Amino acid sequence: MDERPPSDGGDDGPRKSAKALGKAFSNIDLDGHNLPPSPAPSSPRNGKRYALATELVYTEGTDQYNASSQPIYQSATFKQTSGSGGNEYDYTRSGNPTRTHLERHLAKIMCAERALVVTSGMAALDVITRLLRPGDEVVTGDDLYGGTNRLLKYLSTNNEIIVHHVDTTDPSVVQKALSSRTAMVLLETPTNPLIKIVNIPAIAKATHEANFKALVAVDNTMLSPYLQNPLELGADIVYESGTKYLSGHHDLMAGVLAVNNAALGDRLYFPINASGCGLAPFDSWLLMRGIKTLKVRMEQQQSNALRIAEFLEAHGFRVRYPGLRSHPQYDLHNSMARGAGAVLSFETGDINISERIVESAKLWAISVSFGCVNSLISMPCRMSHASIDAKTRRERAMPEDIIRLCVGIEDADDLIEDLSRALVLAGAVNLTPNSFSAADHGKAKKVDTQSNDIF
Ligand SMILES: Cc1ncc(COP(=O)(O)O)c(C=O)c1O
Ligand SMILES: N[C@@H](CCSC[C@H](N)C(=O)O)C(=O)O
């Protein structure tokens with residue numbers, strides 16, 4: 001196999017390398033599906049497209065026994081039929097049938113030409129950033145997942161990558177940071193944990209106008225392909241943590257990348273094979289199983305999240321959730337996404353009170369991550385985003401008291417009752433004869449409420 005890193009040298013690059021491959025391996029079908037798995041386009045775009053809910057479940061297997069679930073090929077190596085090698089699989093770092101099955105399935109549901117799966121969401125971002133060269137400029141947000149911020153900081157400190165953190169909710173601010181030196185724009189929407197919305201189409205257009213070679217990469221972890229398709233909104237690369245909604249049970253770590261450009265797919269595959277961060281067969285199988293229930297989980301999580309967001313808002317808290325009409329970018333979010341997801345955050349105005357709420361909840365597990373079937377509660381500044389230093393958090397106006405709720409599939413009334421208990425025990429609310437409302441600790445929004453749903 002050609003061991004040179006694929007180049008970004010224009011449109012005929014992949015065709016040239018395909019020709020070179022063809023000469024070296026005349027027994028390989030370079031245009032069909034009998035290909036070495038990972039370097040090949042992995043989308044079976046060859047039939048009717050069903051609704052996404054159907055596509056999530058429907059798979060085309062090639063198993064010799066027609067197994068309903070693609071088997072786990074728990075094998076590091078694959079025997080060859082000739083001394084010159086060339087069989088479809090040789091070594092699991094390069095490709096594995098269970099992983100290929102998952103990648104093809106993901107390409108289909110992400111409306112992509114090619115999908116790749118790696119060992120974590122951060123591994124996916126690491127693969128993407130290997131496209132960068134010293135001196136390249138990256139424009140990104142000022143509210144980002146802590147691990148993303150950490151990797152970008154590492155690259156700017158050690159690899160001479162220039163990173164501009166700007167308010168990506170305002171395309172004109174992004175526009176000012178763009179130039180012909182911009183190699184990549186990295187977006188998250190909704191952002192984690194401030195739930196800010198980023199206009200993907202406007203920023204993608206501005207980026208490509210500033211430098212037609214610049215790549216727009218979107219982290220879609222907060223919504224999953226069930227709710228948003230960044231590739232269809234103008235992004236060049238979409239990636240997400242498969243640890244979250246795609247798997248849904250917090251029993252595996254995974255990262256997913258998808259593109260609609262075969263040459264770019266080759267450039268992303270190269271570091272995966274070269275470094276060995278492709279997803280292992282068992283985790284690929286587990287992720288495939290999780291994806292099949294994405295729709296039912298997401299629908300339930302999302303409808304619970306709306307109930308919780310409305311409940312908190314009705315009781316006077318400042319809630320950040322794009323499913324609420326009060327979200328300043330409600331319309332923008334709905335122009336891009338098919339739903340609001342199941343992560344929301346709210347403020348109490350007092351760090352100690354927030355801490356007591358988190359510790360008083362029983363059904364809500366104190367845990368990082370989101371997208372799981374059970375509900376989670378956390379304080380991002382102390383947990384998921386603790387790797388962003390306090391000074392930077394202050395500069396980026398991250399409220400230290402912010403509480404993040406990642407809503408699961410439990411009964412919504414049980415979740416509300418448990419949260420109400422925690423709010424009362426923590427002293428976060430003033431009790432009235434029939435209800436309660438957020439105590440004024442500075443930031444909580446004061447409203448009168450007649451609600452008596454709990455007390
Ligand atoms: C928005 C976002 N992107 C990427 C990641 C990284 O994913 P992983 O934990 O699978 O590496 C996370 C969480 O970890 C996240 O919240
Ligand atoms: N200790 C971990 C924290 C992971 S946070 C996971 C997730 N993205 C979230 O937002 O909760 C680290 O340092 O990366």
# chains A, B, ... in the order shown; residues from 1 in each chain; ligands from 1
>>> select_by_dssp(residues="segment 31-248 of chain A", states="strand (DSSP E)", output="PyMOL selection string")
chain A and resi 114-118+137-141+162-166+182-188+215-219+237-241
>>> write_last_selection(atoms="N, CA and C atoms", output="mmCIF file, in the first residue's frame")
data_model
loop_
_atom_site.group_PDB
_atom_site.id
_atom_site.type_symbol
_atom_site.label_atom_id
_atom_site.label_comp_id
_atom_site.auth_asym_id
_atom_site.auth_seq_id
_atom_site.Cartn_x
_atom_site.Cartn_y
_atom_site.Cartn_z
ATOM 1 N N ARG A 114 -17.553 9.892 3.424
ATOM 2 C CA ARG A 114 -16.704 8.991 4.186
ATOM 3 C C ARG A 114 -16.739 9.338 5.673
ATOM 4 N N ALA A 115 -16.831 8.294 6.508
ATOM 5 C CA ALA A 115 -16.737 8.500 7.960
ATOM 6 C C ALA A 115 -15.601 7.641 8.493
ATOM 7 N N LEU A 116 -15.003 8.112 9.572
ATOM 8 C CA LEU A 116 -13.889 7.392 10.205
ATOM 9 C C LEU A 116 -14.152 7.359 11.702
ATOM 10 N N VAL A 117 -13.785 6.269 12.359
ATOM 11 C CA VAL A 117 -14.015 6.222 13.812
ATOM 12 C C VAL A 117 -12.710 5.989 14.557
ATOM 13 N N VAL A 118 -12.543 6.741 15.622
ATOM 14 C CA VAL A 118 -11.299 6.703 16.403
ATOM 15 C C VAL A 118 -11.623 6.524 17.887
ATOM 16 N N GLU A 137 -3.039 29.555 10.847
ATOM 17 C CA GLU A 137 -3.918 30.215 11.817
ATOM 18 C C GLU A 137 -5.239 29.465 11.944
ATOM 19 N N VAL A 138 -5.692 29.364 13.182
ATOM 20 C CA VAL A 138 -6.982 28.723 13.467
ATOM 21 C C VAL A 138 -7.870 29.756 14.145
ATOM 22 N N VAL A 139 -9.088 29.887 13.646
ATOM 23 C CA VAL A 139 -10.051 30.777 14.293
ATOM 24 C C VAL A 139 -11.086 29.898 14.974
ATOM 25 N N THR A 140 -11.304 30.158 16.256
ATOM 26 C CA THR A 140 -12.242 29.313 16.997
ATOM 27 C C THR A 140 -12.974 30.123 18.047
ATOM 28 N N GLY A 141 -13.836 29.442 18.818
ATOM 29 C CA GLY A 141 -14.713 30.149 19.747
ATOM 30 C C GLY A 141 -14.071 30.507 21.070
ATOM 31 N N ILE A 162 -1.169 29.373 15.265
ATOM 32 C CA ILE A 162 -1.695 30.615 15.859
ATOM 33 C C ILE A 162 -3.203 30.458 16.024
ATOM 34 N N VAL A 163 -3.642 30.525 17.285
ATOM 35 C CA VAL A 163 -5.063 30.283 17.557
ATOM 36 C C VAL A 163 -5.735 31.581 17.998
ATOM 37 N N HIS A 164 -6.816 31.958 17.303
ATOM 38 C CA HIS A 164 -7.593 33.146 17.678
ATOM 39 C C HIS A 164 -8.908 32.679 18.303
ATOM 40 N N HIS A 165 -9.120 32.993 19.577
ATOM 41 C CA HIS A 165 -10.404 32.700 20.223
ATOM 42 C C HIS A 165 -11.279 33.938 20.117
ATOM 43 N N VAL A 166 -12.389 33.812 19.395
ATOM 44 C CA VAL A 166 -13.270 34.978 19.225
ATOM 45 C C VAL A 166 -14.709 34.563 19.525
ATOM 46 N N THR A 182 -5.663 31.983 7.329
ATOM 47 C CA THR A 182 -6.549 31.093 8.081
ATOM 48 C C THR A 182 -6.557 29.713 7.423
ATOM 49 N N ALA A 183 -6.152 28.712 8.180
ATOM 50 C CA ALA A 183 -6.143 27.350 7.631
ATOM 51 C C ALA A 183 -7.364 26.574 8.098
ATOM 52 N N MET A 184 -7.894 26.978 9.265
ATOM 53 C CA MET A 184 -9.018 26.213 9.803
ATOM 54 C C MET A 184 -9.881 27.091 10.696
ATOM 55 N N VAL A 185 -11.192 26.852 10.599
ATOM 56 C CA VAL A 185 -12.117 27.473 11.542
ATOM 57 C C VAL A 185 -12.795 26.327 12.274
ATOM 58 N N LEU A 186 -12.725 26.389 13.580
ATOM 59 C CA LEU A 186 -13.207 25.281 14.404
ATOM 60 C C LEU A 186 -14.388 25.763 15.236
ATOM 61 N N LEU A 187 -15.553 25.152 14.994
ATOM 62 C CA LEU A 187 -16.769 25.646 15.638
ATOM 63 C C LEU A 187 -17.441 24.580 16.493
ATOM 64 N N GLU A 188 -18.098 25.052 17.528
ATOM 65 C CA GLU A 188 -18.954 24.207 18.355
ATOM 66 C C GLU A 188 -20.302 24.892 18.383
ATOM 67 N N LEU A 215 -10.339 25.129 5.976
ATOM 68 C CA LEU A 215 -11.321 24.091 6.303
ATOM 69 C C LEU A 215 -12.164 24.518 7.494
ATOM 70 N N VAL A 216 -13.464 24.284 7.370
ATOM 71 C CA VAL A 216 -14.366 24.566 8.489
ATOM 72 C C VAL A 216 -14.701 23.230 9.147
ATOM 73 N N ALA A 217 -14.294 23.094 10.404
ATOM 74 C CA ALA A 217 -14.571 21.856 11.141
ATOM 75 C C ALA A 217 -15.582 22.167 12.235
ATOM 76 N N VAL A 218 -16.608 21.338 12.325
ATOM 77 C CA VAL A 218 -17.655 21.576 13.334
ATOM 78 C C VAL A 218 -17.752 20.392 14.283
ATOM 79 N N ASP A 219 -17.706 20.706 15.572
ATOM 80 C CA ASP A 219 -17.906 19.706 16.620
ATOM 81 C C ASP A 219 -19.413 19.589 16.847
ATOM 82 N N ILE A 237 -15.593 19.488 7.528
ATOM 83 C CA ILE A 237 -15.370 18.317 8.383
ATOM 84 C C ILE A 237 -16.352 18.407 9.547
ATOM 85 N N VAL A 238 -16.987 17.304 9.847
ATOM 86 C CA VAL A 238 -17.765 17.256 11.079
ATOM 87 C C VAL A 238 -17.162 16.174 11.953
ATOM 88 N N TYR A 239 -17.079 16.472 13.242
ATOM 89 C CA TYR A 239 -16.579 15.437 14.146
ATOM 90 C C TYR A 239 -17.399 15.492 15.418
ATOM 91 N N GLU A 240 -17.388 14.371 16.129
ATOM 92 C CA GLU A 240 -18.059 14.398 17.412
ATOM 93 C C GLU A 240 -17.565 13.297 18.316
ATOM 94 N N SER A 241 -17.831 13.502 19.599
ATOM 95 C CA SER A 241 -17.487 12.482 20.573
ATOM 96 C C SER A 241 -18.576 11.420 20.530
#
>>> select_by_dssp(residues="segment 37-223 of chain A", states="helix (DSSP H, G or I)", output="JSON, numbers by chain")
{"A": [52, 53, 54, 55, 56, 57, 97, 98, 99, 100, 101, 102, 103, 104, 105, 106, 107, 108, 109, 121, 122, 123, 124, 125, 126, 127, 128, 129, 146, 147, 148, 149, 150, 151, 152, 153, 154, 155, 156, 157, 158, 171, 172, 173, 174, 175, 176, 177, 200, 201, 202, 203, 204, 205, 206, 207, 208, 209, 210]}
>>> write_last_selection(atoms="C-alpha atoms", output="PDB file, in the first residue's frame")
ATOM      1  CA  LEU A  52     -33.191   8.989   9.421  1.00  0.00           C
ATOM      2  CA  ALA A  53     -34.994   6.960  12.103  1.00  0.00           C
ATOM      3  CA  THR A  54     -35.070   4.030   9.658  1.00  0.00           C
ATOM      4  CA  GLU A  55     -31.508   4.528   8.419  1.00  0.00           C
ATOM      5  CA  LEU A  56     -30.223   4.423  12.009  1.00  0.00           C
ATOM      6  CA  VAL A  57     -31.527   0.874  12.369  1.00  0.00           C
ATOM      7  CA  PRO A  97     -14.426  -5.365   9.187  1.00  0.00           C
ATOM      8  CA  THR A  98     -16.365  -4.409  12.331  1.00  0.00           C
ATOM      9  CA  ARG A  99     -14.942  -0.875  12.189  1.00  0.00           C
ATOM     10  CA  THR A 100     -15.629  -0.604   8.442  1.00  0.00           C
ATOM     11  CA  HIS A 101     -19.239  -1.663   8.960  1.00  0.00           C
ATOM     12  CA  LEU A 102     -19.636   1.105  11.568  1.00  0.00           C
ATOM     13  CA  GLU A 103     -17.884   3.692   9.380  1.00  0.00           C
ATOM     14  CA  ARG A 104     -20.157   2.913   6.441  1.00  0.00           C
ATOM     15  CA  HIS A 105     -23.211   3.123   8.641  1.00  0.00           C
ATOM     16  CA  LEU A 106     -22.077   6.470  10.047  1.00  0.00           C
ATOM     17  CA  ALA A 107     -21.295   7.863   6.591  1.00  0.00           C
ATOM     18  CA  LYS A 108     -24.863   7.045   5.613  1.00  0.00           C
ATOM     19  CA  ILE A 109     -26.503   8.698   8.624  1.00  0.00           C
ATOM     20  CA  GLY A 121     -13.662  12.684  20.496  1.00  0.00           C
ATOM     21  CA  MET A 122     -10.328  14.251  21.369  1.00  0.00           C
ATOM     22  CA  ALA A 123      -8.540  11.715  19.148  1.00  0.00           C
ATOM     23  CA  ALA A 124     -10.841  12.886  16.318  1.00  0.00           C
ATOM     24  CA  LEU A 125      -9.803  16.490  16.920  1.00  0.00           C
ATOM     25  CA  ASP A 126      -6.166  15.437  17.146  1.00  0.00           C
ATOM     26  CA  VAL A 127      -6.480  13.782  13.712  1.00  0.00           C
ATOM     27  CA  ILE A 128      -8.042  16.964  12.297  1.00  0.00           C
ATOM     28  CA  THR A 129      -5.346  19.230  13.723  1.00  0.00           C
ATOM     29  CA  GLY A 146     -12.252  22.324  28.010  1.00  0.00           C
ATOM     30  CA  GLY A 147     -10.404  19.464  26.288  1.00  0.00           C
ATOM     31  CA  THR A 148     -10.647  21.226  22.909  1.00  0.00           C
ATOM     32  CA  ASN A 149      -9.247  24.378  24.467  1.00  0.00           C
ATOM     33  CA  ARG A 150      -6.422  22.331  26.040  1.00  0.00           C
ATOM     34  CA  LEU A 151      -5.404  20.718  22.729  1.00  0.00           C
ATOM     35  CA  LEU A 152      -5.461  24.065  20.908  1.00  0.00           C
ATOM     36  CA  LYS A 153      -3.377  25.621  23.691  1.00  0.00           C
ATOM     37  CA  TYR A 154      -0.859  22.794  23.343  1.00  0.00           C
ATOM     38  CA  LEU A 155      -0.628  23.363  19.582  1.00  0.00           C
ATOM     39  CA  SER A 156      -0.193  27.122  19.964  1.00  0.00           C
ATOM     40  CA  THR A 157       2.458  26.657  22.673  1.00  0.00           C
ATOM     41  CA  ASN A 158       4.438  23.863  21.028  1.00  0.00           C
ATOM     42  CA  PRO A 171     -20.177  36.227  12.189  1.00  0.00           C
ATOM     43  CA  SER A 172     -18.826  39.781  11.785  1.00  0.00           C
ATOM     44  CA  VAL A 173     -16.372  39.189  14.656  1.00  0.00           C
ATOM     45  CA  VAL A 174     -15.263  35.941  13.019  1.00  0.00           C
ATOM     46  CA  GLN A 175     -14.945  37.754   9.695  1.00  0.00           C
ATOM     47  CA  LYS A 176     -12.445  40.204  11.220  1.00  0.00           C
ATOM     48  CA  ALA A 177     -10.237  37.323  12.418  1.00  0.00           C
ATOM     49  CA  ILE A 200     -22.471  27.630  10.496  1.00  0.00           C
ATOM     50  CA  PRO A 201     -23.567  28.651   6.944  1.00  0.00           C
ATOM     51  CA  ALA A 202     -22.545  32.313   7.372  1.00  0.00           C
ATOM     52  CA  ILE A 203     -19.166  31.478   8.886  1.00  0.00           C
ATOM     53  CA  ALA A 204     -18.443  28.704   6.366  1.00  0.00           C
ATOM     54  CA  LYS A 205     -19.133  31.129   3.499  1.00  0.00           C
ATOM     55  CA  ALA A 206     -16.946  33.868   4.998  1.00  0.00           C
ATOM     56  CA  THR A 207     -14.141  31.393   5.691  1.00  0.00           C
ATOM     57  CA  HIS A 208     -14.063  30.019   2.152  1.00  0.00           C
ATOM     58  CA  GLU A 209     -14.136  33.558   0.759  1.00  0.00           C
ATOM     59  CA  ALA A 210     -11.157  34.521   2.922  1.00  0.00           C
TER      60      ALA A 210
END
>>> closest_atom_pairs(of="chain A", to="ligand 2", cutoff="12 Å", atoms="only C-alpha atoms and all ligand atoms", output="JSON lines")
{"residue": "A:Ser120", "atom": "CA", "partner": "ligand 2", "partner_atom_place_in_ligand_line": "8 (N)", "distance": 10.4}
{"residue": "A:Gly121", "atom": "CA", "partner": "ligand 2", "partner_atom_place_in_ligand_line": "8 (N)", "distance": 8.5}
{"residue": "A:Met122", "atom": "CA", "partner": "ligand 2", "partner_atom_place_in_ligand_line": "14 (O)", "distance": 8.6}
{"residue": "A:Ala123", "atom": "CA", "partner": "ligand 2", "partner_atom_place_in_ligand_line": "14 (O)", "distance": 11.7}
{"residue": "A:Asp143", "atom": "CA", "partner": "ligand 2", "partner_atom_place_in_ligand_line": "10 (O)", "distance": 11.7}
{"residue": "A:Leu144", "atom": "CA", "partner": "ligand 2", "partner_atom_place_in_ligand_line": "10 (O)", "distance": 9.3}
{"residue": "A:Tyr145", "atom": "CA", "partner": "ligand 2", "partner_atom_place_in_ligand_line": "10 (O)", "distance": 5.9}
{"residue": "A:Gly146", "atom": "CA", "partner": "ligand 2", "partner_atom_place_in_ligand_line": "14 (O)", "distance": 6.8}
{"residue": "A:Gly147", "atom": "CA", "partner": "ligand 2", "partner_atom_place_in_ligand_line": "14 (O)", "distance": 5.0}
{"residue": "A:Thr148", "atom": "CA", "partner": "ligand 2", "partner_atom_place_in_ligand_line": "14 (O)", "distance": 8.7}
{"residue": "A:Asn149", "atom": "CA", "partner": "ligand 2", "partner_atom_place_in_ligand_line": "14 (O)", "distance": 10.1}
{"residue": "A:Arg150", "atom": "CA", "partner": "ligand 2", "partner_atom_place_in_ligand_line": "14 (O)", "distance": 8.5}
{"residue": "A:Leu151", "atom": "CA", "partner": "ligand 2", "partner_atom_place_in_ligand_line": "14 (O)", "distance": 10.0}
{"residue": "A:Thr191", "atom": "CA", "partner": "ligand 2", "partner_atom_place_in_ligand_line": "10 (O)", "distance": 10.1}
{"residue": "A:Asn192", "atom": "CA", "partner": "ligand 2", "partner_atom_place_in_ligand_line": "10 (O)", "distance": 6.6}
{"residue": "A:Pro193", "atom": "CA", "partner": "ligand 2", "partner_atom_place_in_ligand_line": "10 (O)", "distance": 7.4}
{"residue": "A:Leu194", "atom": "CA", "partner": "ligand 2", "partner_atom_place_in_ligand_line": "10 (O)", "distance": 11.2}
{"residue": "A:Ile195", "atom": "CA", "partner": "ligand 2", "partner_atom_place_in_ligand_line": "10 (O)", "distance": 11.8}
{"residue": "A:Asp219", "atom": "CA", "partner": "ligand 2", "partner_atom_place_in_ligand_line": "8 (N)", "distance": 11.3}
{"residue": "A:Asn220", "atom": "CA", "partner": "ligand 2", "partner_atom_place_in_ligand_line": "8 (N)", "distance": 12.0}
{"residue": "A:Thr221", "atom": "CA", "partner": "ligand 2", "partner_atom_place_in_ligand_line": "8 (N)", "distance": 8.8}
{"residue": "A:Met222", "atom": "CA", "partner": "ligand 2", "partner_atom_place_in_ligand_line": "10 (O)", "distance": 9.3}
{"residue": "A:Glu240", "atom": "CA", "partner": "ligand 2", "partner_atom_place_in_ligand_line": "8 (N)", "distance": 10.3}
{"residue": "A:Ser241", "atom": "CA", "partner": "ligand 2", "partner_atom_place_in_ligand_line": "8 (N)", "distance": 8.0}
{"residue": "A:Gly242", "atom": "CA", "partner": "ligand 2", "partner_atom_place_in_ligand_line": "8 (N)", "distance": 10.7}
{"residue": "A:Thr243", "atom": "CA", "partner": "ligand 2", "partner_atom_place_in_ligand_line": "8 (N)", "distance": 8.8}
{"residue": "A:Lys244", "atom": "CA", "partner": "ligand 2", "partner_atom_place_in_ligand_line": "7 (C)", "distance": 8.3}
{"residue": "A:Tyr245", "atom": "CA", "partner": "ligand 2", "partner_atom_place_in_ligand_line": "7 (C)", "distance": 11.7}
{"residue": "A:His250", "atom": "CA", "partner": "ligand 2", "partner_atom_place_in_ligand_line": "6 (C)", "distance": 10.9}
{"residue": "A:Met253", "atom": "CA", "partner": "ligand 2", "partner_atom_place_in_ligand_line": "6 (C)", "distance": 10.5}
{"residue": "A:Ala254", "atom": "CA", "partner": "ligand 2", "partner_atom_place_in_ligand_line": "8 (N)", "distance": 11.8}
{"residue": "A:Gly255", "atom": "CA", "partner": "ligand 2", "partner_atom_place_in_ligand_line": "8 (N)", "distance": 11.6}
{"residue": "A:Val343", "atom": "CA", "partner": "ligand 2", "partner_atom_place_in_ligand_line": "10 (O)", "distance": 10.0}
{"residue": "A:Leu344", "atom": "CA", "partner": "ligand 2", "partner_atom_place_in_ligand_line": "10 (O)", "distance": 11.8}
{"residue": "A:Ser345", "atom": "CA", "partner": "ligand 2", "partner_atom_place_in_ligand_line": "10 (O)", "distance": 12.0}
{"residue": "A:Ile366", "atom": "CA", "partner": "ligand 2", "partner_atom_place_in_ligand_line": "11 (O)", "distance": 10.5}
{"residue": "A:Ser367", "atom": "CA", "partner": "ligand 2", "partner_atom_place_in_ligand_line": "11 (O)", "distance": 7.3}
{"residue": "A:Val368", "atom": "CA", "partner": "ligand 2", "partner_atom_place_in_ligand_line": "11 (O)", "distance": 3.7}
{"residue": "A:Ser369", "atom": "CA", "partner": "ligand 2", "partner_atom_place_in_ligand_line": "11 (O)", "distance": 3.2}
{"residue": "A:Phe370", "atom": "CA", "partner": "ligand 2", "partner_atom_place_in_ligand_line": "11 (O)", "distance": 6.1}
{"residue": "A:Gly371", "atom": "CA", "partner": "ligand 2", "partner_atom_place_in_ligand_line": "11 (O)", "distance": 9.7}
{"residue": "A:Cys372", "atom": "CA", "partner": "ligand 2", "partner_atom_place_in_ligand_line": "11 (O)", "distance": 11.0}
{"residue": "A:Leu376", "atom": "CA", "partner": "ligand 2", "partner_atom_place_in_ligand_line": "11 (O)", "distance": 9.4}
{"residue": "A:Ile377", "atom": "CA", "partner": "ligand 2", "partner_atom_place_in_ligand_line": "11 (O)", "distance": 9.6}
{"residue": "A:Ser378", "atom": "CA", "partner": "ligand 2", "partner_atom_place_in_ligand_line": "11 (O)", "distance": 8.0}
{"residue": "A:Met379", "atom": "CA", "partner": "ligand 2", "partner_atom_place_in_ligand_line": "11 (O)", "distance": 9.4}
{"residue": "A:Pro380", "atom": "CA", "partner": "ligand 2", "partner_atom_place_in_ligand_line": "11 (O)", "distance": 7.3}
{"residue": "A:Cys381", "atom": "CA", "partner": "ligand 2", "partner_atom_place_in_ligand_line": "10 (O)", "distance": 10.4}
{"residue": "A:Arg382", "atom": "CA", "partner": "ligand 2", "partner_atom_place_in_ligand_line": "3 (C)", "distance": 9.8}
{"residue": "A:Met383", "atom": "CA", "partner": "ligand 2", "partner_atom_place_in_ligand_line": "3 (C)", "distance": 6.3}
{"residue": "A:Ser384", "atom": "CA", "partner": "ligand 2", "partner_atom_place_in_ligand_line": "5 (S)", "distance": 3.7}
{"residue": "A:His385", "atom": "CA", "partner": "ligand 2", "partner_atom_place_in_ligand_line": "5 (S)", "distance": 6.8}
{"residue": "A:Ala386", "atom": "CA", "partner": "ligand 2", "partner_atom_place_in_ligand_line": "13 (O)", "distance": 7.3}
{"residue": "A:Ser387", "atom": "CA", "partner": "ligand 2", "partner_atom_place_in_ligand_line": "13 (O)", "distance": 6.2}
{"residue": "A:Ile388", "atom": "CA", "partner": "ligand 2", "partner_atom_place_in_ligand_line": "13 (O)", "distance": 9.6}
{"residue": "A:Ile403", "atom": "CA", "partner": "ligand 2", "partner_atom_place_in_ligand_line": "11 (O)", "distance": 11.6}
{"residue": "A:Arg404", "atom": "CA", "partner": "ligand 2", "partner_atom_place_in_ligand_line": "11 (O)", "distance": 8.9}
{"residue": "A:Leu405", "atom": "CA", "partner": "ligand 2", "partner_atom_place_in_ligand_line": "11 (O)", "distance": 10.1}
{"residue": "A:Cys406", "atom": "CA", "partner": "ligand 2", "partner_atom_place_in_ligand_line": "11 (O)", "distance": 9.0}
>>> closest_residue(among="A:Gln74, A:Leu227, A:Ser335, A:Val256", to="ligand 1", atoms="only C-alpha atoms and all ligand atoms")
A:Val256
>>> closest_atom_pairs(of="segment 295-327 of chain A", to="segment 419-425 of chain A", cutoff="10 Å", atoms="only C-alpha atoms", output="tab-separated table")
residue	atom	partner	partner_atom	distance
A:Ile308	CA	A:Leu419	CA	8.9
A:Phe311	CA	A:Ser420	CA	9.5
A:Leu312	CA	A:Ser420	CA	9.2
>>> atom_distance(atom1="atom CA of Tyr321 of chain A", atom2="atom CA of Met298 of chain A")
15.3 Å
>>> atom_distance(atom1="atom CA of Glu400 of chain A", atom2="atom CA of Thr348 of chain A")
10.0 Å
>>> atom_distance(atom1="atom CA of Ile272 of chain A", atom2="atom CA of Thr92 of chain A")
11.3 Å
>>> closest_residue(among="A:Pro190, A:Arg396, A:Leu279, A:Ala263", to="ligand 1", atoms="only C-alpha atoms and all ligand atoms")
A:Pro190
>>> closest_residue(among="A:Ala337, A:Ala112, A:Val429, A:Ala438", to="Glu313 of chain A", atoms="only C-alpha atoms")
A:Ala438
>>> closest_residue(among="A:Asn334, A:Ser326, A:Ser284, A:Asn96", to="Thr119 of chain A", atoms="only C-alpha atoms")
A:Ser284
>>> closest_residue(among="A:Ala214, A:Ile291, A:Leu252, A:Ala67", to="ligand 1", atoms="only C-alpha atoms and all ligand atoms")
A:Leu252
